[in-house]
file entry-v6.cif (mmCIF, C-alpha atoms)
data_protein
loop_
_atom_site.label_atom_id
_atom_site.label_comp_id
_atom_site.auth_asym_id
_atom_site.auth_seq_id
_atom_site.Cartn_x
_atom_site.Cartn_y
_atom_site.Cartn_z
CA MET A 1 32.70 34.17 115.88
CA GLU A 2 29.38 32.96 114.54
CA PHE A 3 26.23 34.99 114.33
CA GLN A 4 23.56 33.44 116.47
CA GLN A 5 19.84 33.43 116.04
CA SER A 6 17.75 34.29 119.07
CA SER A 7 17.34 31.22 121.24
CA GLU A 8 14.39 32.79 123.01
CA ALA A 9 11.07 31.22 122.10
CA ASN A 10 9.24 33.52 119.73
CA PRO A 11 5.63 32.50 119.13
CA THR A 12 5.37 34.56 115.93
CA GLY A 13 8.45 32.96 114.36
CA ARG A 14 9.46 36.43 113.14
CA PRO A 15 12.90 37.96 113.72
CA ARG A 16 13.20 39.83 117.02
CA VAL A 17 14.67 43.26 116.35
CA LEU A 18 15.96 45.68 118.97
CA VAL A 19 15.68 49.27 117.74
CA VAL A 20 18.04 51.60 119.61
CA ASP A 21 16.96 55.15 118.79
CA ASP A 22 16.22 58.19 120.95
CA ASP A 23 13.86 59.76 118.40
CA LEU A 24 10.24 59.11 119.42
CA VAL A 25 9.03 59.46 115.82
CA HIS A 26 11.48 56.80 114.60
CA GLN A 27 10.50 54.52 117.48
CA LYS A 28 6.80 54.80 116.65
CA LEU A 29 7.48 54.37 112.94
CA MET A 30 9.39 51.14 113.53
CA LYS A 31 6.57 49.77 115.67
CA LEU A 32 4.00 50.77 113.04
CA VAL A 33 5.87 49.09 110.16
CA SER A 34 6.84 45.97 112.09
CA ASP A 35 3.98 43.92 110.64
CA HIS A 36 4.79 45.06 107.10
CA LEU A 37 8.44 44.08 107.68
CA ALA A 38 7.42 40.80 109.37
CA ILE A 39 9.49 41.54 112.48
CA ASP A 40 8.84 41.87 116.20
CA VAL A 41 10.22 45.17 117.52
CA GLU A 42 11.47 46.14 120.96
CA VAL A 43 12.62 49.74 121.45
CA ALA A 44 15.43 51.15 123.57
CA SER A 45 15.57 54.95 123.86
CA THR A 46 19.14 55.10 125.15
CA SER A 47 22.30 53.04 124.98
CA ASN A 48 21.93 52.19 128.67
CA ASP A 49 18.38 50.94 128.03
CA ALA A 50 19.71 48.79 125.19
CA LEU A 51 22.39 47.23 127.39
CA GLU A 52 19.85 46.50 130.13
CA ILE A 53 17.46 44.87 127.65
CA LEU A 54 20.25 42.81 126.07
CA ALA A 55 21.25 41.52 129.51
CA THR A 56 17.93 39.68 129.81
CA GLU A 57 16.53 39.24 126.30
CA SER A 58 17.70 37.75 123.01
CA PHE A 59 17.37 39.38 119.60
CA ASP A 60 18.14 38.41 116.03
CA ILE A 61 19.16 41.88 114.84
CA ILE A 62 19.90 45.27 116.38
CA LEU A 63 19.13 48.50 114.49
CA MET A 64 21.39 51.16 116.01
CA ASP A 65 21.10 54.92 115.66
CA TRP A 66 24.41 56.80 115.77
CA ARG A 67 23.51 60.07 117.49
CA MET A 68 21.95 59.58 120.90
CA PRO A 69 22.28 61.51 124.16
CA VAL A 70 24.84 60.49 126.79
CA THR A 71 26.25 57.46 124.93
CA ASP A 72 26.23 57.38 121.14
CA GLY A 73 25.57 54.34 118.96
CA LEU A 74 29.25 53.74 118.22
CA THR A 75 30.12 53.54 121.93
CA CYS A 76 27.03 51.44 122.63
CA THR A 77 28.07 49.02 119.90
CA LEU A 78 31.56 48.68 121.43
CA LYS A 79 29.96 47.88 124.81
CA ILE A 80 27.59 45.35 123.23
CA ARG A 81 30.49 43.64 121.46
CA GLU A 82 32.48 43.43 124.71
CA LEU A 83 29.49 41.80 126.41
CA GLN A 84 28.91 39.42 123.51
CA ASP A 85 32.59 38.50 123.22
CA ALA A 86 32.47 37.41 126.87
CA GLN A 87 29.31 35.39 126.13
CA GLY A 88 30.68 33.90 122.90
CA LYS A 89 27.85 35.13 120.70
CA ARG A 90 27.26 37.89 118.17
CA ILE A 91 24.05 39.61 117.08
CA PRO A 92 24.20 41.55 113.80
CA ILE A 93 24.09 45.31 114.38
CA ILE A 94 22.96 47.53 111.52
CA ALA A 95 23.65 51.25 111.77
CA VAL A 96 20.52 53.18 110.82
CA THR A 97 21.65 56.76 110.77
CA ALA A 98 21.43 60.12 109.07
CA HIS A 99 25.23 60.18 108.96
CA ALA A 100 25.96 59.67 105.29
CA LEU A 101 29.26 61.48 104.87
CA THR A 102 32.36 59.92 103.41
CA GLY A 103 33.89 57.63 106.01
CA ASP A 104 30.80 57.32 108.21
CA ARG A 105 30.04 53.78 107.07
CA GLU A 106 33.64 52.79 107.78
CA ARG A 107 33.46 54.34 111.28
CA CYS A 108 30.34 52.28 112.02
CA LEU A 109 31.98 49.08 110.82
CA ALA A 110 35.17 49.85 112.77
CA ALA A 111 33.05 50.24 115.94
CA GLY A 112 31.75 46.68 115.48
CA MET A 113 28.60 47.23 113.48
CA ASP A 114 27.98 44.74 110.69
CA ASP A 115 26.14 46.91 108.19
CA TYR A 116 24.99 50.45 107.49
CA LEU A 117 21.77 51.99 106.23
CA ALA A 118 21.59 55.76 105.72
CA LYS A 119 18.43 57.72 106.54
CA PRO A 120 16.19 58.38 104.78
CA PHE A 121 15.60 54.86 103.51
CA THR A 122 12.67 52.98 102.06
CA LEU A 123 10.87 50.15 103.82
CA GLU A 124 12.06 47.88 101.02
CA GLN A 125 15.70 48.79 101.71
CA LEU A 126 15.28 48.08 105.42
CA GLN A 127 13.43 44.84 104.74
CA GLU A 128 16.21 43.71 102.40
CA LYS A 129 18.87 44.39 105.06
CA ILE A 130 16.90 42.46 107.66
CA LYS A 131 16.37 39.52 105.28
CA GLU A 132 20.05 39.53 104.32
CA TRP A 133 21.20 39.33 107.94
CA GLN A 134 18.48 36.88 108.90
CA LYS A 135 19.78 34.49 106.23
CA GLN A 136 23.25 34.75 107.72
CA THR A 137 21.99 33.91 111.22
CA ASP A 138 19.45 31.20 110.33
CA PRO A 139 21.20 27.88 109.71
CA ASN A 140 18.09 26.56 107.90
CA GLN A 141 18.45 29.27 105.27
CA LEU A 142 22.18 28.69 104.78
CA LYS A 143 21.77 25.26 103.17
CA VAL A 144 23.34 25.05 99.78
CA SER A 145 21.72 22.77 97.21
CA GLU A 146 24.04 20.54 95.24
#
call {"tool": "encode", "arguments": {"input": "entry-v6.cif", "output": "structure tokens"}}
result
Amino acid sequence: MEFQQSSEANPTGRPRVLVVDDDLVHQKLMKLVSDHLAIDVEVASTSNDALEILATESFDIILMDWRMPVTDGLTCTLKIRELQDAQGKRIPIIAVTAHALTGDRERCLAAGMDDYLAKPFTLEQLQEKIKEWQKQTDPNQLKVSE
């Protein structure tokens, strides 16, 4: 299955990023640094909020926290992948979590996430992850020169 870039018109031309995190401080931080990272951020406080937003909006990347109330990020990712499999599309999901124990990265990948970034991280590390996945979803950036 191919990764797909958001088909929704985005006047800024920047990647649309859905941040799924219940921590108000992390939500505000992501909104504050969005200009520095050259991204447009939408926030979902719960997994249910994320699923509702994804039902009506398109995103280029999802940043998913692991520990959230009611439904955790791993379960949310499984639900997102089921929805996307039915739709025939796939949005890269990057785990952004304080879980940094042996095997945690593998658990995230096994749940359907595409990458993993342990907290705390630098803005440069996050920006590099976003750029890396944006290149994989943007067909204009995948051209290989001969």
call {"tool": "residues_around", "arguments": {"input": "entry-v6.cif", "residues": "segment 102-116 of chain A", "least_positions_apart": "6", "cutoff": "8 Å", "atoms": "only C-alpha atoms", "output": "JSON, numbers by chain"}}
result
{"A": [74, 75, 77, 78, 81, 92, 93, 94, 95, 96]}
call {"tool": "closest_residue", "arguments": {"input": "entry-v6.cif", "among": "A:Glu42, A:Glu124, A:Glu132, A:Asp23", "to": "Asp65 of chain A", "atoms": "all atoms listed in the file"}}
result
A:Asp23
call {"tool": "atom_distance", "arguments": {"input": "entry-v6.cif", "atom1": "atom CA of Asp49 of chain A", "atom2": "atom CA of Thr97 of chain A"}}
result
18.5 Å
call {"tool": "atom_distance", "arguments": {"input": "entry-v6.cif", "atom1": "atom CA of Leu126 of chain A", "atom2": "atom CA of Ile80 of chain A"}}
result
21.8 Å
call {"tool": "resolve_selection", "arguments": {"input": "entry-v6.cif", "expression": "the PyMOL selection byres ((chain A and resi 67) around 10)", "output": "PyMOL selection string"}}
result
chain A and resi 21-23+64-66+68-74+97-99
call {"tool": "resolve_selection", "arguments": {"input": "entry-v6.cif", "expression": "the PyMOL selection byres ((chain A and resi 50) around 10)", "output": "list of chain:residue names"}}
result
A:Leu18, A:Val19, A:Val20, A:Asp21, A:Glu42, A:Val43, A:Ala44, A:Ser45, A:Thr46, A:Ser47, A:Asn48, A:Asp49, A:Leu51, A:Glu52, A:Ile53, A:Leu54, A:Ala55, A:Ile62, A:Met64, A:Cys76, A:Thr77, A:Ile80
call {"tool": "atom_distance", "arguments": {"input": "entry-v6.cif", "atom1": "atom CA of Leu24 of chain A", "atom2": "atom CA of Lys129 of chain A"}}
result
22.3 Å
call {"tool": "closest_residue", "arguments": {"input": "entry-v6.cif", "among": "A:Gln136, A:Gln125, A:Thr12, A:Gln27", "to": "Arg90 of chain A", "atoms": "only C-alpha atoms"}}
result
A:Gln136
call {"tool": "resolve_selection", "arguments": {"input": "entry-v6.cif", "expression": "the PyMOL selection byres ((chain A and resi 123) around 12)", "output": "MDAnalysis selection string"}}
result
chainID A and resid 29:30 32:38 117 119:122 124:130
call {"tool": "closest_residue", "arguments": {"input": "entry-v6.cif", "among": "A:Lys28, A:Asp40, A:Pro11, A:Ile61", "to": "Gln134 of chain A", "atoms": "only C-alpha atoms"}}
result
A:Ile61
call {"tool": "build_atoms", "arguments": {"input": "entry-v6.cif", "residues": "segment 30-62 of chain A", "atoms": "N, CA and C atoms", "output": "compact mmCIF listing (two decimals), in the frame of the given file"}}
result
# COMPACT_ATOMS: atom_id res chain seq x y z
N MET A 30 8.94 52.53 113.57
CA MET A 30 9.39 51.14 113.53
C MET A 30 8.33 50.19 114.09
N LYS A 31 7.65 50.61 115.12
CA LYS A 31 6.57 49.77 115.67
C LYS A 31 5.41 49.66 114.67
N LEU A 32 5.10 50.78 114.01
CA LEU A 32 4.00 50.77 113.04
C LEU A 32 4.29 49.88 111.84
N VAL A 33 5.54 49.85 111.38
CA VAL A 33 5.87 49.09 110.16
C VAL A 33 6.33 47.67 110.47
N SER A 34 6.33 47.29 111.73
CA SER A 34 6.84 45.97 112.09
C SER A 34 6.06 44.84 111.41
N ASP A 35 4.75 44.96 111.32
CA ASP A 35 3.98 43.92 110.64
C ASP A 35 4.31 43.86 109.16
N HIS A 36 4.43 45.02 108.53
CA HIS A 36 4.79 45.06 107.10
C HIS A 36 6.16 44.42 106.87
N LEU A 37 7.09 44.64 107.81
CA LEU A 37 8.44 44.08 107.68
C LEU A 37 8.54 42.65 108.20
N ALA A 38 7.46 42.15 108.80
CA ALA A 38 7.42 40.80 109.37
C ALA A 38 8.49 40.62 110.44
N ILE A 39 8.55 41.60 111.37
CA ILE A 39 9.49 41.54 112.48
C ILE A 39 8.75 41.88 113.77
N ASP A 40 9.32 41.47 114.89
CA ASP A 40 8.84 41.87 116.20
C ASP A 40 9.85 42.89 116.74
N VAL A 41 9.35 44.06 117.13
CA VAL A 41 10.22 45.17 117.52
C VAL A 41 10.15 45.44 119.02
N GLU A 42 11.31 45.62 119.61
CA GLU A 42 11.47 46.14 120.96
C GLU A 42 12.28 47.42 120.81
N VAL A 43 11.95 48.45 121.58
CA VAL A 43 12.62 49.74 121.45
C VAL A 43 13.41 50.08 122.71
N ALA A 44 14.61 50.59 122.50
CA ALA A 44 15.43 51.15 123.57
C ALA A 44 15.70 52.61 123.21
N SER A 45 15.42 53.52 124.13
CA SER A 45 15.57 54.95 123.86
C SER A 45 16.99 55.46 124.08
N THR A 46 17.77 54.71 124.86
CA THR A 46 19.14 55.10 125.15
C THR A 46 20.05 53.88 125.05
N SER A 47 21.34 54.14 125.01
CA SER A 47 22.30 53.04 124.98
C SER A 47 22.23 52.23 126.27
N ASN A 48 22.05 52.91 127.40
CA ASN A 48 21.93 52.19 128.67
C ASN A 48 20.71 51.29 128.68
N ASP A 49 19.59 51.78 128.14
CA ASP A 49 18.38 50.94 128.03
C ASP A 49 18.68 49.71 127.19
N ALA A 50 19.39 49.91 126.08
CA ALA A 50 19.71 48.79 125.19
C ALA A 50 20.54 47.74 125.92
N LEU A 51 21.53 48.18 126.66
CA LEU A 51 22.39 47.23 127.39
C LEU A 51 21.60 46.48 128.45
N GLU A 52 20.69 47.16 129.12
CA GLU A 52 19.85 46.50 130.13
C GLU A 52 18.94 45.46 129.47
N ILE A 53 18.34 45.81 128.35
CA ILE A 53 17.46 44.87 127.65
C ILE A 53 18.25 43.66 127.16
N LEU A 54 19.43 43.91 126.59
CA LEU A 54 20.25 42.81 126.07
C LEU A 54 20.76 41.88 127.16
N ALA A 55 20.81 42.36 128.40
CA ALA A 55 21.25 41.52 129.51
C ALA A 55 20.24 40.43 129.84
N THR A 56 18.97 40.64 129.44
CA THR A 56 17.93 39.68 129.81
C THR A 56 17.16 39.10 128.64
N GLU A 57 17.30 39.69 127.45
CA GLU A 57 16.53 39.24 126.30
C GLU A 57 17.44 38.95 125.12
N SER A 58 16.95 38.10 124.22
CA SER A 58 17.70 37.75 123.01
C SER A 58 17.03 38.37 121.79
N PHE A 59 17.86 38.77 120.83
CA PHE A 59 17.37 39.38 119.60
C PHE A 59 18.13 38.79 118.42
N ASP A 60 17.52 38.90 117.25
CA ASP A 60 18.14 38.41 116.03
C ASP A 60 18.96 39.50 115.34
N ILE A 61 18.52 40.75 115.49
CA ILE A 61 19.16 41.88 114.84
C ILE A 61 18.99 43.11 115.72
N ILE A 62 19.99 43.99 115.69
CA ILE A 62 19.90 45.27 116.38
C ILE A 62 20.01 46.37 115.32
